[in-house]
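Containing compact mmCIF, C-alpha atoms: coords33.txt.
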```txt
# COMPACT_ATOMS: atom_id res chain seq x y z
CA MET A 520 89.96 -37.19 -3.97
CA ASP A 521 87.04 -34.85 -4.22
CA TYR A 522 85.82 -34.60 -7.81
CA LEU A 523 86.83 -30.93 -7.94
CA ASP A 524 90.35 -31.95 -6.96
CA LYS A 525 90.40 -34.42 -9.85
CA LEU A 526 89.24 -31.79 -12.31
CA GLU A 527 91.76 -29.31 -10.97
CA GLU A 528 94.60 -31.83 -11.14
CA GLU A 529 93.77 -32.62 -14.77
CA SER A 530 93.65 -28.92 -15.68
CA LEU A 531 96.95 -28.18 -13.95
CA ARG A 532 98.61 -31.02 -15.85
CA VAL A 533 97.35 -29.66 -19.18
CA ILE A 534 98.66 -26.19 -18.34
CA ILE A 535 102.10 -27.43 -17.36
CA GLU A 536 102.24 -29.66 -20.44
CA ALA A 537 101.71 -26.56 -22.57
CA TYR A 538 104.35 -24.54 -20.72
CA ASN A 539 106.84 -27.41 -21.00
CA ASN A 540 106.37 -28.06 -24.72
CA LEU A 541 105.35 -24.77 -26.34
CA ASP A 542 107.37 -21.60 -26.67
CA ASN A 543 105.13 -18.61 -26.00
CA PRO A 544 101.72 -19.27 -24.38
CA VAL A 545 99.05 -16.64 -23.75
CA VAL A 546 95.86 -16.75 -21.68
CA LEU A 547 92.75 -15.52 -23.51
CA PHE A 548 90.82 -13.51 -20.93
CA SER A 549 87.32 -12.17 -21.54
CA GLY A 550 86.47 -11.26 -17.94
CA GLY A 551 83.85 -14.01 -17.80
CA LYS A 552 83.57 -16.69 -15.13
CA ASP A 553 85.29 -19.41 -17.18
CA SER A 554 88.26 -17.23 -18.05
CA ALA A 555 88.48 -16.15 -14.40
CA VAL A 556 88.67 -19.81 -13.32
CA LEU A 557 91.18 -20.50 -16.11
CA LEU A 558 93.42 -17.63 -15.01
CA HIS A 559 93.20 -18.85 -11.40
CA LEU A 560 94.30 -22.33 -12.51
CA VAL A 561 97.18 -21.02 -14.65
CA LYS A 562 98.51 -18.96 -11.75
CA LYS A 563 98.20 -21.94 -9.41
CA ALA A 564 100.00 -24.25 -11.86
CA LEU A 565 102.90 -21.83 -12.29
CA GLN A 566 103.16 -21.35 -8.52
CA ILE A 567 103.05 -25.06 -7.70
CA HIS A 568 105.76 -25.89 -10.23
CA GLU A 569 107.83 -22.80 -9.31
CA TYR A 570 107.91 -21.48 -12.85
CA GLU A 571 109.09 -17.99 -13.59
CA PRO A 572 106.02 -15.79 -13.00
CA PHE A 573 105.71 -14.61 -16.60
CA LEU A 574 102.14 -14.57 -17.75
CA ASN A 575 100.83 -13.24 -21.05
CA ILE A 576 97.15 -12.28 -21.00
CA LEU A 577 95.17 -11.18 -24.06
CA HIS A 578 91.66 -9.78 -24.37
CA VAL A 579 89.95 -9.40 -27.74
CA ASP A 580 87.60 -6.50 -27.04
CA THR A 581 84.47 -6.59 -29.21
CA GLY A 582 83.42 -3.07 -28.21
CA HIS A 583 80.09 -4.52 -27.08
CA ASN A 584 81.17 -5.61 -23.61
CA PHE A 585 79.28 -5.10 -20.38
CA LYS A 586 80.84 -2.27 -18.38
CA GLU A 587 80.98 -4.45 -15.28
CA VAL A 588 83.08 -7.00 -17.16
CA LEU A 589 85.58 -4.43 -18.44
CA ASP A 590 85.90 -2.92 -14.96
CA PHE A 591 86.56 -6.40 -13.58
CA ARG A 592 89.13 -7.13 -16.30
CA ASP A 593 91.07 -3.97 -15.52
CA SER A 594 91.00 -4.64 -11.77
CA VAL A 595 92.37 -8.19 -11.91
CA THR A 596 94.60 -8.03 -15.02
CA PRO A 597 96.13 -4.54 -15.15
CA LYS A 598 98.82 -5.66 -17.63
CA VAL A 599 96.43 -7.35 -20.03
CA ILE A 600 97.08 -6.93 -23.77
CA VAL A 601 93.92 -5.53 -25.37
CA ARG A 602 93.23 -5.71 -29.08
CA LYS A 603 89.97 -4.20 -30.32
CA VAL A 604 87.60 -5.46 -32.99
CA GLN A 605 86.72 -1.81 -33.68
CA ASP A 606 90.31 -1.14 -34.77
CA THR A 607 90.03 -4.04 -37.20
CA ILE A 608 86.77 -2.59 -38.53
CA ASP A 609 88.32 0.89 -38.85
CA ALA A 610 91.15 -0.65 -40.87
CA HIS A 611 88.49 -2.01 -43.29
CA LYS A 612 89.54 -5.60 -42.65
CA ILE A 613 86.00 -6.53 -41.58
CA ASP A 614 82.69 -4.76 -41.96
CA ILE A 615 79.60 -4.77 -39.74
CA GLY A 616 76.85 -2.45 -38.54
CA PHE A 617 77.03 -0.75 -35.17
CA THR A 618 74.37 -2.75 -33.35
CA GLU A 619 75.03 -6.20 -34.78
CA SER A 620 76.66 -8.93 -32.73
CA ARG A 621 80.44 -8.96 -33.01
CA ASN A 622 80.97 -12.45 -31.61
CA GLN A 623 81.69 -13.85 -35.06
CA LEU A 624 84.04 -10.98 -35.95
CA GLN A 625 86.72 -11.67 -33.38
CA SER A 626 88.71 -14.11 -35.50
CA THR A 627 90.64 -11.54 -37.54
CA THR A 628 91.55 -9.48 -34.47
CA LEU A 629 92.63 -12.56 -32.52
CA LEU A 630 94.73 -14.05 -35.31
CA GLU A 631 96.51 -10.73 -35.88
CA ALA A 632 97.28 -10.46 -32.15
CA LEU A 633 98.65 -14.01 -32.01
CA ASP A 634 100.87 -13.27 -35.00
CA GLU A 635 101.96 -9.88 -33.62
CA PHE A 636 103.32 -11.40 -30.40
CA LYS A 637 104.23 -14.81 -31.90
CA PHE A 638 102.04 -16.67 -29.41
CA ASP A 639 102.00 -20.37 -30.31
CA ALA A 640 99.58 -21.52 -27.61
CA ALA A 641 96.41 -19.70 -26.58
CA PHE A 642 94.72 -20.93 -23.42
CA GLY A 643 90.93 -20.68 -23.67
CA GLY A 644 88.11 -21.25 -21.20
CA GLY A 645 86.05 -23.42 -23.55
CA ARG A 646 84.21 -26.40 -22.10
CA ARG A 647 82.83 -29.41 -23.96
CA ASP A 648 79.40 -29.18 -22.35
CA GLU A 649 78.71 -25.69 -23.73
CA ASP A 650 78.13 -26.45 -27.39
CA ALA A 651 77.97 -29.35 -29.82
CA ALA A 652 80.99 -28.03 -31.73
CA ARG A 653 83.03 -27.65 -28.54
CA SER A 654 82.23 -31.24 -27.55
CA LYS A 655 84.59 -32.34 -30.33
CA GLU A 656 87.56 -30.40 -28.95
CA ARG A 657 90.77 -31.88 -27.63
CA PHE A 658 92.66 -30.38 -24.71
CA PHE A 659 95.26 -29.38 -27.31
CA SER A 660 93.42 -28.16 -30.40
CA PHE A 661 95.89 -28.02 -33.27
CA ARG A 662 95.68 -25.00 -35.60
CA ASN A 663 97.41 -24.57 -38.95
CA GLY A 664 99.55 -21.64 -40.06
CA GLN A 665 96.41 -19.56 -40.66
CA GLY A 666 95.05 -20.33 -37.19
CA GLN A 667 92.29 -22.52 -38.60
CA TRP A 668 90.81 -25.67 -37.10
CA ASP A 669 90.61 -28.82 -39.20
CA PRO A 670 89.10 -31.95 -37.61
CA GLU A 671 91.29 -34.27 -39.69
CA SER A 672 94.50 -32.70 -38.35
CA GLN A 673 93.62 -33.15 -34.67
CA ARG A 674 95.76 -35.51 -32.60
CA CYS A 675 94.49 -38.41 -30.52
CA GLU A 676 94.61 -37.90 -26.76
CA ILE A 677 94.16 -41.46 -25.55
CA TRP A 678 94.85 -41.70 -21.80
CA ASN A 679 95.56 -37.95 -21.89
CA ILE A 680 98.79 -38.41 -23.81
CA PHE A 681 99.30 -35.08 -25.54
CA ASN A 682 101.04 -34.36 -28.84
CA CYS A 683 102.32 -30.77 -28.97
CA HIS A 684 104.48 -31.20 -32.07
CA LYS A 685 104.64 -28.28 -34.51
CA ASN A 686 106.26 -28.22 -37.93
CA ALA A 687 109.14 -25.76 -37.95
CA GLY A 688 108.66 -22.56 -39.89
CA LYS A 689 104.91 -22.92 -40.48
CA GLN A 690 103.61 -20.72 -37.61
CA GLU A 691 101.42 -23.55 -36.41
CA GLY A 692 100.01 -23.46 -32.92
CA PHE A 693 97.43 -24.68 -30.47
CA ARG A 694 94.36 -23.57 -28.63
CA VAL A 695 94.64 -25.17 -25.20
CA PHE A 696 91.49 -25.88 -23.17
CA PRO A 697 92.45 -26.91 -19.60
CA ILE A 698 88.83 -26.89 -18.34
CA ASN A 699 87.49 -28.92 -21.25
CA ASN A 700 85.96 -31.57 -18.98
CA TRP A 701 84.32 -29.12 -16.56
CA ALA A 702 80.56 -28.53 -16.55
CA GLU A 703 78.77 -25.32 -15.57
CA LEU A 704 78.01 -26.73 -12.12
CA ASP A 705 81.69 -27.61 -11.65
CA ILE A 706 82.67 -24.02 -12.43
CA TRP A 707 80.33 -22.62 -9.79
CA ALA A 708 81.34 -25.21 -7.19
CA TYR A 709 84.99 -24.32 -7.79
CA ILE A 710 84.33 -20.57 -7.65
CA ALA A 711 82.61 -21.10 -4.31
CA ARG A 712 85.38 -23.34 -2.94
CA GLU A 713 88.32 -21.25 -4.16
CA ASN A 714 86.63 -17.86 -3.73
CA VAL A 715 87.52 -16.95 -7.32
CA ALA A 716 86.70 -13.31 -8.10
CA ILE A 717 84.18 -12.78 -10.92
CA PRO A 718 82.15 -9.77 -12.14
CA ASP A 719 79.12 -8.81 -10.05
CA ILE A 720 76.93 -9.09 -13.15
CA TYR A 721 76.81 -12.86 -12.58
CA PHE A 722 74.95 -12.37 -9.28
CA SER A 723 71.36 -11.30 -8.80
CA HIS A 724 70.84 -7.54 -8.99
CA LYS A 725 68.03 -5.17 -9.91
CA ARG A 726 68.44 -4.03 -13.51
CA LYS A 727 66.46 -2.28 -16.21
CA VAL A 728 66.02 -4.76 -19.03
CA ILE A 729 64.11 -5.11 -22.27
CA LYS A 730 61.76 -8.09 -22.20
CA ARG A 731 61.70 -9.49 -25.72
CA GLY A 732 59.83 -12.76 -25.87
CA GLN A 733 61.71 -15.17 -23.60
CA TYR A 734 64.79 -12.93 -23.39
CA TYR A 735 65.78 -10.16 -20.96
CA LEU A 736 68.19 -7.85 -22.80
CA ASP A 737 70.24 -5.09 -21.22
CA HIS A 738 68.59 -1.68 -21.60
CA CYS A 739 71.34 0.25 -23.38
CA ASP A 740 72.13 2.21 -26.55
CA LEU A 741 73.02 -0.96 -28.44
CA HIS A 742 69.41 -2.17 -28.28
CA THR A 743 66.63 -0.51 -30.23
CA ILE A 744 63.16 -0.90 -28.75
CA GLN A 745 61.06 -3.03 -31.09
CA GLU A 746 57.35 -3.58 -31.37
CA GLY A 747 56.28 -5.93 -28.60
CA ASP A 748 59.25 -5.08 -26.35
CA GLU A 749 58.62 -4.14 -22.73
CA VAL A 750 61.09 -2.17 -20.58
CA VAL A 751 60.96 -3.48 -17.00
CA GLU A 752 63.05 -3.61 -13.83
CA GLU A 753 63.73 -7.11 -12.60
CA TYR A 754 66.10 -8.98 -10.32
CA VAL A 755 68.28 -10.75 -12.85
CA ARG A 756 71.70 -12.23 -13.35
CA PHE A 757 73.70 -13.34 -16.40
CA ARG A 758 74.75 -16.95 -16.96
CA THR A 759 77.20 -15.84 -19.65
CA VAL A 760 78.64 -12.38 -20.47
CA GLY A 761 79.21 -12.22 -24.21
CA ASP A 762 78.29 -9.50 -26.69
CA ILE A 763 75.61 -7.24 -25.14
CA THR A 764 73.56 -7.30 -28.33
CA CYS A 765 72.90 -11.05 -28.12
CA THR A 766 73.32 -11.96 -24.45
CA SER A 767 70.25 -12.10 -22.25
CA ALA A 768 69.81 -12.29 -18.49
CA ILE A 769 67.66 -14.66 -16.47
CA LYS A 770 65.36 -13.79 -13.58
CA SER A 771 67.08 -14.89 -10.39
CA ASN A 772 67.54 -14.17 -6.70
CA ALA A 773 70.83 -16.10 -6.43
CA ALA A 774 73.38 -13.67 -4.99
CA THR A 775 76.33 -15.96 -4.16
CA ALA A 776 78.25 -18.67 -6.01
CA LEU A 777 76.74 -21.36 -3.75
CA GLU A 778 73.22 -20.05 -4.31
CA ILE A 779 73.82 -20.11 -8.07
CA TYR A 780 75.08 -23.70 -7.79
CA HIS A 781 71.90 -24.79 -6.03
CA GLU A 782 69.74 -22.81 -8.47
CA LEU A 783 71.35 -24.55 -11.44
CA CYS A 784 70.71 -27.96 -9.92
CA ASN A 785 67.04 -27.34 -10.75
CA VAL A 786 67.53 -25.81 -14.21
CA ASN A 787 67.16 -27.90 -17.36
CA SER A 788 68.04 -25.29 -20.00
CA ARG A 789 71.56 -25.27 -21.40
CA GLU A 790 73.91 -22.45 -20.43
CA ARG A 791 74.13 -20.90 -23.88
CA SER A 792 70.35 -20.76 -24.30
CA THR A 793 70.78 -17.15 -23.15
CA ARG A 794 72.93 -16.40 -26.23
CA ILE A 795 70.61 -15.28 -29.01
CA ASP A 796 73.26 -15.68 -31.72
CA ASP A 797 73.82 -19.35 -30.92
CA TYR A 798 70.47 -20.49 -32.27
CA ASN A 799 72.37 -21.76 -35.32
CA LYS A 800 73.99 -25.06 -34.32
CA TYR A 801 76.77 -24.44 -36.85
CA SER A 802 77.76 -20.98 -35.61
CA MET A 803 80.49 -22.21 -33.25
CA GLU A 804 81.78 -24.68 -35.84
CA GLU A 805 82.14 -21.87 -38.38
CA ARG A 806 84.00 -19.70 -35.87
CA LYS A 807 86.48 -22.48 -35.16
CA GLN A 808 87.15 -23.04 -38.86
CA GLN A 809 87.73 -19.30 -39.30
CA GLY A 810 90.39 -19.39 -36.59
CA TYR A 811 88.66 -18.08 -33.46
CA PHE A 812 87.69 -20.57 -30.78
```

Would you mind writing the file's structure down as structure tokens?
Amino acid sequence: MDYLDKLEEESLRVIIEAYNNLDNPVVLFSGGKDSAVLLHLVKKALQIHEYEPFLNILHVDTGHNFKEVLDFRDSVTPKVIVRKVQDTIDAHKIDIGFTESRNQLQSTTLLEALDEFKFDAAFGGGRRDEDAARSKERFFSFRNGQGQWDPESQRCEIWNIFNCHKNAGKQEGFRVFPINNWAELDIWAYIARENVAIPDIYFSHKRKVIKRGQYYLDHCDLHTIQEGDEVVEEYVRFRTVGDITCTSAIKSNAATALEIYHELCNVNSRERSTRIDDYNKYSMEERKQQGYF
């Protein structure tokens, strides 16, 4: 089989394993390329196995999203459940300034949403190659009753034998990562092959940006011009689409999924090098322990 077929087959098996063994799964959807591929795979798995076409989709809205991503989300997932970090802030459950990154604040909002709807399995688009902390993840990442990740409580997955056991009455659950073994190049090859819809922001376009050192930040109200900044118009695209305040673009002329694939074949920098808030190698680890990814 083609290597993409092997990756797809593995992902479909993980998805069906979750639907067979867990009670109330939900797909976490951010509008990014990985979550778009994940949603495509979930729909394909349910169709292949002739499952009832019920599909829960949840977006934790930071309030700092790119407009193109929100427009895309609403066009492809009109029935998505949206829970907003701003509502959590307004309820005085978390506190942060207006222009600071909200990536690390999503945990409270997510955990409350999972508890509200009694979701016991949350599909995520995390991949092992993205981050050192994610490289430790299982396909089925066990979480305790508070939604927290503990490395000592994770189950072995030798030969992809999965353990989905939960203790009754403890509100335990799982984060499920069907594309765990995919790399960034695999994602783009699959998008090109399957014609998966993604936001236009991923493709080269002319955009007003703030050049700050090595970064190209979106020119918007969430960014304050600092000494040394330069406002320019460049042909750019985004490799990731996280919080606007900490996500930078790269200069690029790649305007199709296949062109991006070939461009990345000659790029040595890691995907999340465009995320300013990921300079701390422990940031993702802390988020997992708090209950988010």

Range 530-635 of chain A near range 644-658 of chain A within 8 Å: what's each residue's closest atom pair and its distance in Å to one decimal, counting all atoms listed in the file, ordered by chain then ascending residue number, as a Markdown table?
```
| residue | atom | partner | partner_atom | distance |
| --- | --- | --- | --- | --- |
| A:Val533 | CA | A:Phe658 | CA | 7.3 |
| A:Leu547 | CA | A:Gly644 | CA | 7.7 |
| A:Asp553 | CA | A:Gly644 | CA | 5.2 |
| A:Ser554 | CA | A:Gly644 | CA | 5.1 |
| A:Leu557 | CA | A:Gly644 | CA | 6.0 |
```

Next on the checklist: Taking 4 positions as the minimum chain separation for residues in the same chain, which residues sit within 6 Å of Leu736 in chain A when counting all atoms listed in the file? Answer as a list in words.
Outcome noted: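 Everything that qualifies: Val728, Ile729 and Ser767 of chain A.
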
Checklist entry - Between A:Leu526, A:Ala537, A:Val760, A:Leu531, which has the minimum distance to Trp701 in chain A (counting only C-alpha atoms)? => result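 Once distances to Trp701 in chain A are computed over only C-alpha atoms, the minimum belongs to A:Leu526.
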
Next on the checklist: When you count only C-alpha atoms, which of these residues is closest to Glu587 in chain A: A:Phe696, A:Phe722, A:Tyr780, A:Tyr754?
Outcome noted: A:Phe722

Item to check | Two-atom distance - CA of Ile744 in chain A, CA of Pro718 in chain A (Å) | outcome: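 Computing it gives 26.7 Å between the two atoms.
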
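The shell of residues at most 8 Å from Leu541 in chain A, with only C-alpha atoms counted and near chain neighbours (fewer than 5 positions) removed, consists of Asp639, Ala640 and Cys683 of chain A.
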
Next on the checklist: Could you check the closest approach to His578 in chain A for each of A:Leu629, A:Leu624, A:Leu560, A:Ala555 and tell me which residue wins, using all atoms listed in the file?
Outcome noted: A:Leu629

Report as a PDB file with C-alpha atoms, in the coordinates of the input all protein, DNA and RNA residues lying within 9 Å of Thr581 in chain A, evaluated on only C-alpha atoms, omitting residues in the same chain fewer than 4 positions from it.
```pdb
ATOM      1  CA  ARG A 602      93.230  -5.710 -29.080  1.00  0.00           C
ATOM      2  CA  LYS A 603      89.970  -4.200 -30.320  1.00  0.00           C
ATOM      3  CA  VAL A 604      87.600  -5.460 -32.990  1.00  0.00           C
ATOM      4  CA  GLN A 605      86.720  -1.810 -33.680  1.00  0.00           C
ATOM      5  CA  SER A 620      76.660  -8.930 -32.730  1.00  0.00           C
ATOM      6  CA  ARG A 621      80.440  -8.960 -33.010  1.00  0.00           C
ATOM      7  CA  ASN A 622      80.970 -12.450 -31.610  1.00  0.00           C
ATOM      8  CA  LEU A 624      84.040 -10.980 -35.950  1.00  0.00           C
ATOM      9  CA  GLN A 625      86.720 -11.670 -33.380  1.00  0.00           C
ATOM     10  CA  ASP A 762      78.290  -9.500 -26.690  1.00  0.00           C
TER      11      ASP A 762
END
```

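For Lys612 in chain A, the set of protein, DNA and RNA residues having any atom at most 12 Å away, when counting only C-alpha atoms and skipping those fewer than 2 positions along the same chain, is Val604, Gln605, Asp606, Thr607, Ile608, Asp609, Ala610, Asp614, Ile615, Leu624, Gln625, Ser626, Thr627, Thr628 and Glu631 of chain A.
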
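The interatomic distance for the pair CA of Gln667 in chain A and CA of Asn682 in chain A works out to 17.7 Å.
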
Checklist entry - In Å, how far is it from CA of Ile779 in chain A to CA of Trp707 in chain A? => result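 Separation of CA of Ile779 in chain A and CA of Trp707 in chain A: 7.2 Å.
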
Next on the checklist: Residues near Lys730 in chain A, anyone? I mean within 8 Å using only C-alpha atoms, not counting same-chain ones fewer than 5 positions away, as a list in words.
Outcome noted: Tyr735, Leu736, Asp748, Glu749, Val750 and Val751 of chain A

Item to check | Residue with smallest distance to Leu777 in chain A - pool A:Glu527, A:Glu569, A:Asp705, A:Asp580, counting all atoms listed in the file | outcome: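 That would be A:Asp705, the residue with the smallest distance to Leu777 in chain A.
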
Next on the checklist: Considering only C-alpha atoms, can you say which of A:Thr764, A:Ala716, A:Glu635, A:Phe693 comes closest to Asp669 in chain A?
Outcome noted: A:Phe693
